[in-house]
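Heads up, query30.txt below (compact mmCIF, C-alpha atoms):
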# COMPACT_ATOMS: atom_id res chain seq x y z
CA MET H 1 94.99 -78.61 193.11
CA ASN H 2 98.80 -78.37 192.99
CA ALA H 3 100.62 -75.64 191.04
CA GLY H 4 101.43 -77.86 188.07
CA LYS H 5 97.83 -78.99 187.53
CA LEU H 6 96.62 -75.42 188.04
CA SER H 7 98.90 -74.17 185.25
CA VAL H 8 97.64 -76.86 182.87
CA PHE H 9 94.04 -76.04 183.77
CA ILE H 10 94.58 -72.30 183.14
CA LEU H 11 96.29 -73.00 179.80
CA ALA H 12 93.47 -75.32 178.69
CA ALA H 13 90.82 -72.83 179.74
CA SER H 14 92.60 -70.04 177.87
CA VAL H 15 92.70 -72.06 174.67
CA PHE H 16 89.01 -72.97 175.05
CA LEU H 17 87.90 -69.40 175.75
CA PHE H 18 90.20 -67.36 173.55
CA GLY H 19 91.31 -69.80 170.86
CA PRO H 20 88.60 -68.82 168.35
CA PHE H 21 89.48 -65.16 168.77
CA LEU H 22 93.21 -65.83 168.38
CA GLN H 23 92.53 -67.83 165.22
CA GLY H 24 90.47 -64.94 163.89
CA THR H 25 93.52 -62.66 164.06
CA LYS H 26 95.45 -64.86 161.64
CA ALA H 27 96.52 -62.85 158.60
CA GLU H 28 94.03 -63.05 155.76
CA PRO H 29 95.23 -63.47 152.17
CA GLY H 30 95.89 -60.17 150.46
CA TRP H 31 98.27 -58.03 148.45
CA LYS H 32 101.81 -57.89 149.82
CA LEU H 33 104.15 -55.12 148.68
CA VAL H 34 107.37 -56.75 147.46
CA TRP H 35 109.09 -53.90 145.58
CA MET H 36 108.74 -50.19 144.95
CA ASP H 37 110.62 -47.25 143.51
CA ASP H 38 109.69 -43.79 144.76
CA PHE H 39 112.34 -41.99 142.68
CA GLU H 40 113.93 -40.25 145.64
CA GLY H 41 117.52 -39.19 145.12
CA SER H 42 119.41 -37.59 142.28
CA ARG H 43 119.68 -40.49 139.82
CA LEU H 44 117.79 -43.50 138.53
CA ASP H 45 118.48 -46.91 140.00
CA SER H 46 120.61 -48.37 137.23
CA SER H 47 120.12 -51.89 138.58
CA VAL H 48 116.46 -51.57 137.58
CA TRP H 49 116.14 -48.96 134.84
CA SER H 50 117.74 -48.13 131.50
CA LYS H 51 116.91 -45.30 129.13
CA ILE H 52 115.05 -46.56 126.08
CA ARG H 53 116.98 -46.47 122.83
CA ARG H 54 115.46 -45.17 119.62
CA ALA H 55 113.90 -47.78 117.35
CA ARG H 56 111.81 -47.91 114.19
CA THR H 57 108.53 -48.25 116.02
CA PRO H 58 105.89 -45.57 116.60
CA ALA H 59 106.52 -45.61 120.35
CA PHE H 60 110.30 -45.30 120.17
CA LYS H 61 110.63 -43.07 117.11
CA TYR H 62 111.98 -40.08 119.04
CA MET H 63 113.60 -41.73 122.06
CA SER H 64 116.74 -39.96 123.21
CA ASN H 65 119.23 -39.94 126.07
CA ASP H 66 119.31 -36.14 125.93
CA GLU H 67 119.43 -34.94 129.54
CA ARG H 68 116.65 -32.41 128.88
CA CYS H 69 114.22 -35.31 128.46
CA TYR H 70 114.85 -36.58 131.99
CA ASP H 71 114.80 -35.13 135.49
CA LEU H 72 114.47 -36.21 139.11
CA ARG H 73 112.73 -33.45 141.05
CA ASP H 74 111.20 -33.46 144.54
CA GLY H 75 110.78 -37.24 144.54
CA LEU H 76 109.36 -37.32 141.01
CA LEU H 77 110.73 -38.80 137.82
CA ILE H 78 110.14 -36.39 134.94
CA LEU H 79 110.00 -37.61 131.33
CA ARG H 80 109.69 -34.94 128.65
CA GLY H 81 108.91 -34.53 124.99
CA ILE H 82 110.75 -31.58 123.46
CA VAL H 83 111.49 -29.94 120.12
CA ASN H 84 114.94 -30.90 118.83
CA ASP H 85 116.82 -27.63 118.46
CA ASP H 86 119.93 -29.15 116.86
CA ARG H 87 119.04 -31.17 113.76
CA ARG H 88 122.70 -31.45 112.80
CA ALA H 89 123.51 -33.48 115.91
CA ASP H 90 120.29 -35.50 115.67
CA THR H 91 118.01 -35.48 112.63
CA ALA H 92 114.85 -36.28 114.63
CA ALA H 93 112.32 -33.45 114.78
CA TYR H 94 111.49 -34.21 118.43
CA LEU H 95 113.16 -35.89 121.39
CA THR H 96 111.43 -37.95 124.08
CA GLY H 97 112.43 -39.61 127.33
CA GLY H 98 111.57 -43.14 128.41
CA ILE H 99 112.80 -45.82 130.80
CA TRP H 100 112.37 -49.56 130.96
CA ALA H 101 113.41 -52.48 133.16
CA ARG H 102 114.08 -54.82 130.24
CA GLY H 103 116.69 -57.43 131.16
CA LYS H 104 117.02 -56.03 134.68
CA LYS H 105 113.89 -56.20 136.84
CA ALA H 106 111.40 -59.03 136.47
CA LEU H 107 107.97 -58.49 138.00
CA ARG H 108 106.23 -61.78 138.69
CA PRO H 109 102.46 -61.97 138.23
CA GLY H 110 100.69 -59.79 140.76
CA ARG H 111 99.55 -56.18 141.01
CA ILE H 112 101.51 -53.37 139.38
CA GLU H 113 100.58 -49.75 140.12
CA VAL H 114 102.11 -46.47 138.96
CA ARG H 115 101.14 -43.04 140.29
CA ALA H 116 101.64 -40.38 137.64
CA ARG H 117 100.48 -36.98 136.43
CA LEU H 118 100.15 -36.27 132.71
CA GLN H 119 100.43 -32.98 130.91
CA SER H 120 98.43 -32.55 127.72
CA ALA H 121 99.74 -31.50 124.31
CA ARG H 122 98.75 -32.04 120.71
CA GLY H 123 100.51 -35.22 119.64
CA ALA H 124 101.50 -36.27 123.18
CA TRP H 125 101.23 -40.01 123.90
CA PRO H 126 102.57 -40.91 127.37
CA ALA H 127 102.33 -44.59 128.26
CA ILE H 128 102.88 -47.12 131.03
CA TRP H 129 103.11 -50.67 129.73
CA MET H 130 104.67 -54.11 130.13
CA GLY H 131 106.37 -56.79 128.06
CA ALA H 132 107.47 -60.40 128.57
CA PHE H 133 110.68 -60.48 130.60
CA ASP H 134 111.89 -63.72 129.00
CA GLY H 135 112.27 -61.97 125.65
CA THR H 136 109.52 -63.82 123.77
CA PRO H 137 109.10 -61.77 120.56
CA TRP H 138 106.21 -59.32 120.28
CA PRO H 139 103.31 -59.93 120.11
CA HIS H 140 103.66 -63.60 121.08
CA GLY H 141 104.91 -62.66 124.54
CA GLY H 142 102.03 -60.23 125.01
CA GLU H 143 101.87 -56.54 125.79
CA ILE H 144 99.93 -55.07 128.70
CA ASP H 145 99.12 -51.39 128.28
CA ILE H 146 98.36 -50.17 131.79
CA MET H 147 97.84 -46.61 130.56
CA GLU H 148 97.98 -44.69 127.28
CA HIS H 149 96.88 -41.06 127.02
CA LEU H 150 96.30 -39.10 123.80
CA ASN H 151 96.48 -35.36 123.20
CA TYR H 152 94.05 -33.49 125.49
CA ASP H 153 91.80 -36.44 126.33
CA SER H 154 90.23 -36.67 129.78
CA LEU H 155 90.47 -40.46 129.60
CA VAL H 156 93.09 -43.17 129.22
CA TYR H 157 93.20 -46.45 127.31
CA GLN H 158 94.01 -49.82 128.91
CA THR H 159 94.67 -52.68 126.49
CA ALA H 160 95.84 -56.28 126.15
CA HIS H 161 97.83 -57.18 123.01
CA SER H 162 98.87 -60.67 121.91
CA HIS H 163 99.32 -62.89 118.86
CA TYR H 164 95.59 -63.56 119.19
CA THR H 165 94.64 -59.86 118.95
CA VAL H 166 97.40 -58.54 116.69
CA ASN H 167 98.12 -61.30 114.17
CA LEU H 168 94.79 -63.16 114.24
CA GLY H 169 92.71 -60.01 114.68
CA PHE H 170 90.45 -61.12 117.53
CA LYS H 171 89.94 -57.75 119.21
CA LYS H 172 86.30 -58.08 120.31
CA SER H 173 85.98 -61.67 121.49
CA PRO H 174 86.87 -60.95 124.22
CA ARG H 175 87.06 -57.16 124.10
CA GLN H 176 90.73 -56.24 124.34
CA TYR H 177 90.56 -52.69 125.71
CA ALA H 178 88.55 -50.14 127.65
CA THR H 179 88.78 -46.45 128.49
CA ALA H 180 88.61 -44.83 131.90
CA GLY H 181 88.17 -41.22 132.94
CA ILE H 182 90.96 -39.55 134.88
CA ARG H 183 91.41 -36.43 136.97
CA VAL H 184 93.03 -34.23 134.35
CA ASP H 185 96.15 -32.37 135.56
CA ALA H 186 96.13 -34.38 138.82
CA PHE H 187 98.01 -37.48 139.93
CA ASN H 188 96.22 -40.74 139.16
CA VAL H 189 97.11 -44.33 140.03
CA TYR H 190 97.14 -46.72 137.06
CA GLY H 191 97.24 -50.45 137.69
CA VAL H 192 96.74 -54.00 136.53
CA ASP H 193 96.38 -57.32 138.35
CA ILE H 194 97.83 -60.32 136.54
CA TRP H 195 95.98 -63.55 137.39
CA PRO H 196 96.25 -67.02 135.79
CA ASP H 197 92.84 -66.51 134.17
CA SER H 198 92.56 -62.75 133.60
CA LEU H 199 94.04 -59.27 133.53
CA VAL H 200 92.12 -56.87 135.76
CA PHE H 201 92.74 -53.17 135.04
CA HIS H 202 92.00 -50.30 137.41
CA VAL H 203 92.42 -46.53 137.81
CA ASN H 204 92.59 -44.93 141.26
CA GLY H 205 91.65 -48.27 142.79
CA VAL H 206 88.45 -48.59 140.73
CA ARG H 207 88.21 -51.58 138.41
CA THR H 208 87.80 -50.54 134.78
CA PHE H 209 87.60 -53.88 132.96
CA ALA H 210 88.98 -57.40 132.83
CA TYR H 211 90.50 -59.29 129.92
CA PRO H 212 89.82 -63.02 130.48
CA LYS H 213 91.58 -66.17 129.41
CA ILE H 214 89.12 -68.12 127.26
CA GLU H 215 88.80 -71.57 125.76
CA THR H 216 89.75 -71.26 122.07
CA GLN H 217 91.26 -73.37 119.31
CA HIS H 218 93.53 -70.46 118.41
CA GLU H 219 96.99 -70.06 119.90
CA GLY H 220 98.39 -67.15 121.85
CA GLN H 221 95.22 -65.76 123.40
CA PHE H 222 96.56 -65.33 126.96
CA PRO H 223 100.38 -65.19 127.21
CA PHE H 224 100.34 -62.76 130.15
CA TYR H 225 100.77 -64.99 133.19
CA ARG H 226 104.55 -64.76 133.23
CA ASP H 227 107.25 -62.42 134.52
CA GLN H 228 106.95 -58.94 133.03
CA TYR H 229 109.14 -55.86 132.75
CA LEU H 230 107.84 -52.31 133.03
CA ILE H 231 108.10 -49.50 130.47
CA ILE H 232 107.31 -45.84 131.22
CA ASP H 233 107.73 -43.32 128.42
CA MET H 234 106.73 -40.04 126.89
CA GLN H 235 105.89 -40.58 123.23
CA LEU H 236 105.08 -38.09 120.49
CA GLY H 237 103.22 -38.40 117.22
CA GLY H 238 102.06 -41.33 115.15
CA GLU H 239 99.03 -42.53 113.23
CA TRP H 240 96.94 -43.12 116.36
CA VAL H 241 97.65 -39.93 118.31
CA GLY H 242 98.06 -37.64 115.28
CA ALA H 243 100.46 -34.85 114.43
CA VAL H 244 102.57 -33.02 116.98
CA ASP H 245 102.10 -29.29 117.57
CA PRO H 246 105.59 -27.98 118.42
CA SER H 247 104.06 -24.89 120.05
CA ASP H 248 102.65 -27.23 122.75
CA LEU H 249 106.11 -28.49 123.71
CA PRO H 250 107.80 -29.21 126.01
CA VAL H 251 105.35 -31.62 127.61
CA GLU H 252 106.01 -33.58 130.79
CA MET H 253 104.99 -36.82 132.43
CA GLU H 254 105.59 -36.94 136.20
CA ILE H 255 105.94 -40.31 137.92
CA ASP H 256 105.63 -40.37 141.70
CA TRP H 257 106.13 -44.06 142.39
CA VAL H 258 105.95 -47.63 141.10
CA ARG H 259 104.70 -50.48 143.30
CA HIS H 260 104.64 -54.24 142.81
CA TYR H 261 102.48 -56.51 144.96
CA VAL H 262 101.92 -60.28 145.06
CA TRP H 263 98.88 -62.08 146.47
CA GLU H 264 99.70 -64.06 149.59

Transcribe the structure of this file into C-alpha cells.
Amino acid sequence: MNAGKLSVFILAASVFLFGPFLQGTKAEPGWKLVWMDDFEGSRLDSSVWSKIRRARTPAFKYMSNDERCYDLRDGLLILRGIVNDDRRADTAAYLTGGIWARGKKALRPGRIEVRARLQSARGAWPAIWMGAFDGTPWPHGGEIDIMEHLNYDSLVYQTAHSHYTVNLGFKKSPRQYATAGIRVDAFNVYGVDIWPDSLVFHVNGVRTFAYPKIETQHEGQFPFYRDQYLIIDMQLGGEWVGAVDPSDLPVEMEIDWVRHYVWE
C-alpha cells in the first residue's frame, strides 16, 4: 500500500472508530452568559444604569439621587433607605435609592439572575423587577417581579403582573405569584427564565413556580416574551408593606452581581 492510500485508510479508520465519540463532544444546548455587571469600580456604568426619579407610585414615592442612598463598596452596589434629615430641601419623610436600565439596556428573553443580600426593617420593601423595554404602558407591557421582600419576612414574593391580572383581575387562573424561603441576612440568587410559553422563577437555583401562557379569550395574559429592562431598588412604606419605623433606618440592600443568559 503506497503512502497516499495508507493516509486515506488511516483517516477513514479514525472516522469509523472515533467519529461517534467526537460527535458526542459537540456542545449541548444550554444557558450562555451574554452580559453581566459585577459592580466593580467606583461608579455605576452610566451606559446601562440611571438613578430612578421620584414618581407618584408606591414604589417610587421616596426615590432620591441623594448620595447617601447609593454606594459602591468592595464590589457591591449598596442601595439604602434613610430618614430625610432636611425637610426644607426635600419634603419627603424618607429617601431611597434605586437604579434601572430603562431606555438603555435591553435584555432579550432568557435567564436573568441577581445575587443580593437584604437587610430587614419595619416598612422596608426592596425589589428586583422588570418592565417592557419598548415602553408599552403598564400593565399592558407586563411586569415581572423577580423578588420583593417585606419587613422582617424570611421569604420573598415572585409575581407576574399584566393587563390580565391587574385590569381584568385574573390572579388565580393561573396563579400569578408564589413565595420562597431565603437565607435571611445572607446572599441569595434571585432569577427568572423567560420562555415563549412561561415564566419560570427560582431562588438559589431552585425552581419556585412557573407562570404559564394559557389559551384564553381575554387579551393581555402573557405579554412577557419581549425585551425587558431591569429595576433594582430599595423601597419604603406603602399599603402592602405597612408603616415605616424610622428607628430601623438606615436599611441597606447589597447587590453583588447581575447576569443575563440566553439559551443556545

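Atom pair atom CA of H:Val189 / atom CA of H:Trp49: separated by 20.3 Å.
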
| request: Find the residues around H:Ala210 up to 8 Å (all atoms listed in the file counted), leave out those fewer than 2 positions away in its own chain, and share them as a PyMOL selection string. | output: chain H and resi 198-201+208+212

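Relative to atom CA of H:Trp129, atom CA of H:Ala92 is found at 23.9 Å.
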
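Restricting the calculation to only C-alpha atoms, the smallest distance between H:Tyr225 and any of H:Leu168, H:Ala180, H:Ala116, H:Leu107 is found for H:Leu107.
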
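Of the residues listed (H:Pro246, H:Pro223, H:Gly169, H:Pro109), H:Pro223 shows the shortest atom-to-atom separation from H:Trp138; distances use all atoms listed in the file.
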
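Across H:Tyr164, H:Ala121, H:Trp35, H:Ala127, the tightest approach to H:Tyr261 is made by H:Trp35 when counting all atoms listed in the file.
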
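Coordinates place atom CA of H:Gly191 at a distance of 19.6 Å from atom CA of H:Pro29.
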
| request: Rank nothing, just name the residue among H:Thr96, H:Ser42, H:Ser47, H:Gln176 nearest to H:Arg73, using only C-alpha atoms. | output: H:Ser42

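Comparing the minimum interatomic distances between H:Arg111 and each of H:Gly242, H:Gly30, H:Gly97, H:Pro250, counting only C-alpha atoms, we find that H:Gly30 sits nearest.
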
Please produce, as JSON lines, a per-residue contact table for stretch 90-154 of chain H versus stretch 53-58 of chain H (criterion: any atom at most 12 Å away, only C-alpha atoms considered), showing the nearest atom pair and its distance in Å to one decimal, sorted by chain then residue number.
{"residue": "H:Asp90", "atom": "CA", "partner": "H:Arg54", "partner_atom": "CA", "distance": 11.5}
{"residue": "H:Ala92", "atom": "CA", "partner": "H:Arg54", "partner_atom": "CA", "distance": 10.2}
{"residue": "H:Tyr94", "atom": "CA", "partner": "H:Arg54", "partner_atom": "CA", "distance": 11.7}
{"residue": "H:Leu95", "atom": "CA", "partner": "H:Arg54", "partner_atom": "CA", "distance": 9.7}
{"residue": "H:Thr96", "atom": "CA", "partner": "H:Arg54", "partner_atom": "CA", "distance": 9.4}
{"residue": "H:Gly97", "atom": "CA", "partner": "H:Arg53", "partner_atom": "CA", "distance": 9.4}
{"residue": "H:Gly98", "atom": "CA", "partner": "H:Arg53", "partner_atom": "CA", "distance": 8.5}
{"residue": "H:Ile99", "atom": "CA", "partner": "H:Arg53", "partner_atom": "CA", "distance": 9.0}
{"residue": "H:Trp100", "atom": "CA", "partner": "H:Arg53", "partner_atom": "CA", "distance": 9.8}
{"residue": "H:Arg102", "atom": "CA", "partner": "H:Arg53", "partner_atom": "CA", "distance": 11.5}
{"residue": "H:Trp125", "atom": "CA", "partner": "H:Pro58", "partner_atom": "CA", "distance": 10.3}

| task | Extract, using all atoms listed in the file, all DNA, RNA and protein residues at most 12 Å from H:Val203, discarding same-chain residues fewer than 6 positions from it, and format them as a PyMOL selection string. | result | chain H and resi 112-116+146-147+155-158+178-183+187-193+209

Find the axis-aligned box for stretch 25-40 of chain H, covering all its listed atoms and adding 6 Å on each side, and write its centre and edge lengths in Å to one decimal as AutoDock Vina command-line options.
--center_x 103.7 --center_y -52.6 --center_z 153.4 --size_x 32.4 --size_y 36.6 --size_z 33.4

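Distances from H:Trp240, H:Trp257, H:Phe224, H:Trp31 to H:Met130 were compared using all atoms listed in the file, and the smallest one belongs to H:Phe224.
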
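By all atoms listed in the file, and with residues fewer than 2 positions from H:Leu79 along its chain excluded, the set lying at most 7 Å from it is H:Cys69, H:Tyr70, H:Asp71, H:Leu77, H:Gly97, H:Gly98, H:Asp233, H:Met234, H:Glu252, H:Met253, H:Glu254.
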
Show me that you can extract stretch 46-135 of chain H, keeping C-alpha atoms, and write it as a PDB file, in the first residue's frame.
ATOM      1  CA  SER H  46     -23.956  55.053  33.001  1.00  0.00           C
ATOM      2  CA  SER H  47     -24.404  53.337  29.637  1.00  0.00           C
ATOM      3  CA  VAL H  48     -26.595  50.792  31.440  1.00  0.00           C
ATOM      4  CA  TRP H  49     -27.973  52.361  34.621  1.00  0.00           C
ATOM      5  CA  SER H  50     -29.756  55.532  35.679  1.00  0.00           C
ATOM      6  CA  LYS H  51     -30.944  56.524  39.136  1.00  0.00           C
ATOM      7  CA  ILE H  52     -34.715  56.251  39.419  1.00  0.00           C
ATOM      8  CA  ARG H  53     -36.576  59.525  39.688  1.00  0.00           C
ATOM      9  CA  ARG H  54     -39.342  60.080  42.209  1.00  0.00           C
ATOM     10  CA  ALA H  55     -42.868  59.430  40.970  1.00  0.00           C
ATOM     11  CA  ARG H  56     -46.385  59.218  42.386  1.00  0.00           C
ATOM     12  CA  THR H  57     -46.335  55.460  42.728  1.00  0.00           C
ATOM     13  CA  PRO H  58     -45.883  53.408  45.908  1.00  0.00           C
ATOM     14  CA  ALA H  59     -42.544  52.053  44.677  1.00  0.00           C
ATOM     15  CA  PHE H  60     -41.037  55.404  43.714  1.00  0.00           C
ATOM     16  CA  LYS H  61     -42.563  57.611  46.405  1.00  0.00           C
ATOM     17  CA  TYR H  62     -39.244  58.325  48.147  1.00  0.00           C
ATOM     18  CA  MET H  63     -36.739  57.890  45.316  1.00  0.00           C
ATOM     19  CA  SER H  64     -33.824  60.293  45.545  1.00  0.00           C
ATOM     20  CA  ASN H  65     -30.435  60.970  43.971  1.00  0.00           C
ATOM     21  CA  ASP H  66     -29.033  61.784  47.418  1.00  0.00           C
ATOM     22  CA  GLU H  67     -25.540  60.285  47.528  1.00  0.00           C
ATOM     23  CA  ARG H  68     -26.227  58.719  50.935  1.00  0.00           C
ATOM     24  CA  CYS H  69     -28.696  56.349  49.260  1.00  0.00           C
ATOM     25  CA  TYR H  70     -26.011  54.893  46.981  1.00  0.00           C
ATOM     26  CA  ASP H  71     -22.579  53.355  47.403  1.00  0.00           C
ATOM     27  CA  LEU H  72     -20.141  51.069  45.603  1.00  0.00           C
ATOM     28  CA  ARG H  73     -18.172  49.120  48.192  1.00  0.00           C
ATOM     29  CA  ASP H  74     -15.921  46.067  47.804  1.00  0.00           C
ATOM     30  CA  GLY H  75     -17.559  45.040  44.534  1.00  0.00           C
ATOM     31  CA  LEU H  76     -21.083  45.589  45.854  1.00  0.00           C
ATOM     32  CA  LEU H  77     -23.741  48.088  44.875  1.00  0.00           C
ATOM     33  CA  ILE H  78     -25.424  49.458  48.001  1.00  0.00           C
ATOM     34  CA  LEU H  79     -28.933  50.931  47.872  1.00  0.00           C
ATOM     35  CA  ARG H  80     -30.235  52.485  51.095  1.00  0.00           C
ATOM     36  CA  GLY H  81     -33.410  53.727  52.676  1.00  0.00           C
ATOM     37  CA  ILE H  82     -32.776  56.581  55.106  1.00  0.00           C
ATOM     38  CA  VAL H  83     -34.597  59.172  57.196  1.00  0.00           C
ATOM     39  CA  ASN H  84     -34.631  62.560  55.484  1.00  0.00           C
ATOM     40  CA  ASP H  85     -32.899  64.922  57.892  1.00  0.00           C
ATOM     41  CA  ASP H  86     -33.556  68.091  55.865  1.00  0.00           C
ATOM     42  CA  ARG H  87     -37.260  68.524  55.148  1.00  0.00           C
ATOM     43  CA  ARG H  88     -36.677  72.060  53.894  1.00  0.00           C
ATOM     44  CA  ALA H  89     -34.576  70.828  50.982  1.00  0.00           C
ATOM     45  CA  ASP H  90     -36.869  67.866  50.318  1.00  0.00           C
ATOM     46  CA  THR H  91     -40.296  67.452  51.901  1.00  0.00           C
ATOM     47  CA  ALA H  92     -40.241  63.634  51.741  1.00  0.00           C
ATOM     48  CA  ALA H  93     -40.041  61.915  55.118  1.00  0.00           C
ATOM     49  CA  TYR H  94     -37.659  59.257  53.775  1.00  0.00           C
ATOM     50  CA  LEU H  95     -35.191  58.883  50.922  1.00  0.00           C
ATOM     51  CA  THR H  96     -34.473  55.709  48.957  1.00  0.00           C
ATOM     52  CA  GLY H  97     -32.032  54.634  46.270  1.00  0.00           C
ATOM     53  CA  GLY H  98     -32.869  52.744  43.105  1.00  0.00           C
ATOM     54  CA  ILE H  99     -31.440  52.110  39.645  1.00  0.00           C
ATOM     55  CA  TRP H 100     -32.940  50.996  36.373  1.00  0.00           C
ATOM     56  CA  ALA H 101     -31.844  50.267  32.804  1.00  0.00           C
ATOM     57  CA  ARG H 102     -34.900  51.873  31.218  1.00  0.00           C
ATOM     58  CA  GLY H 103     -34.095  53.159  27.728  1.00  0.00           C
ATOM     59  CA  LYS H 104     -30.505  51.932  27.969  1.00  0.00           C
ATOM     60  CA  LYS H 105     -30.058  48.169  28.326  1.00  0.00           C
ATOM     61  CA  ALA H 106     -32.479  45.737  26.717  1.00  0.00           C
ATOM     62  CA  LEU H 107     -32.406  42.163  27.986  1.00  0.00           C
ATOM     63  CA  ARG H 108     -33.823  39.760  25.431  1.00  0.00           C
ATOM     64  CA  PRO H 109     -35.806  36.760  26.662  1.00  0.00           C
ATOM     65  CA  GLY H 110     -33.586  34.376  28.587  1.00  0.00           C
ATOM     66  CA  ARG H 111     -32.432  33.928  32.172  1.00  0.00           C
ATOM     67  CA  ILE H 112     -31.887  36.905  34.468  1.00  0.00           C
ATOM     68  CA  GLU H 113     -30.242  36.396  37.856  1.00  0.00           C
ATOM     69  CA  VAL H 114     -29.295  38.853  40.604  1.00  0.00           C
ATOM     70  CA  ARG H 115     -27.248  37.973  43.686  1.00  0.00           C
ATOM     71  CA  ALA H 116     -28.208  40.193  46.605  1.00  0.00           C
ATOM     72  CA  ARG H 117     -28.345  40.422  50.390  1.00  0.00           C
ATOM     73  CA  LEU H 118     -31.274  42.127  52.097  1.00  0.00           C
ATOM     74  CA  GLN H 119     -31.364  43.852  55.444  1.00  0.00           C
ATOM     75  CA  SER H 120     -34.642  43.837  57.341  1.00  0.00           C
ATOM     76  CA  ALA H 121     -36.518  46.831  58.725  1.00  0.00           C
ATOM     77  CA  ARG H 122     -40.109  47.704  59.509  1.00  0.00           C
ATOM     78  CA  GLY H 123     -41.521  49.163  56.306  1.00  0.00           C
ATOM     79  CA  ALA H 124     -38.599  48.045  54.102  1.00  0.00           C
ATOM     80  CA  TRP H 125     -39.575  46.798  50.634  1.00  0.00           C
ATOM     81  CA  PRO H 126     -36.518  46.031  48.463  1.00  0.00           C
ATOM     82  CA  ALA H 127     -37.318  44.727  44.993  1.00  0.00           C
ATOM     83  CA  ILE H 128     -35.790  43.354  41.798  1.00  0.00           C
ATOM     84  CA  TRP H 129     -38.159  43.574  38.850  1.00  0.00           C
ATOM     85  CA  MET H 130     -38.537  44.083  35.104  1.00  0.00           C
ATOM     86  CA  GLY H 131     -40.603  46.087  32.639  1.00  0.00           C
ATOM     87  CA  ALA H 132     -41.141  46.121  28.871  1.00  0.00           C
ATOM     88  CA  PHE H 133     -38.185  47.810  27.177  1.00  0.00           C
ATOM     89  CA  ASP H 134     -40.287  49.062  24.246  1.00  0.00           C
ATOM     90  CA  GLY H 135     -42.213  51.370  26.563  1.00  0.00           C
TER      91      GLY H 135
END
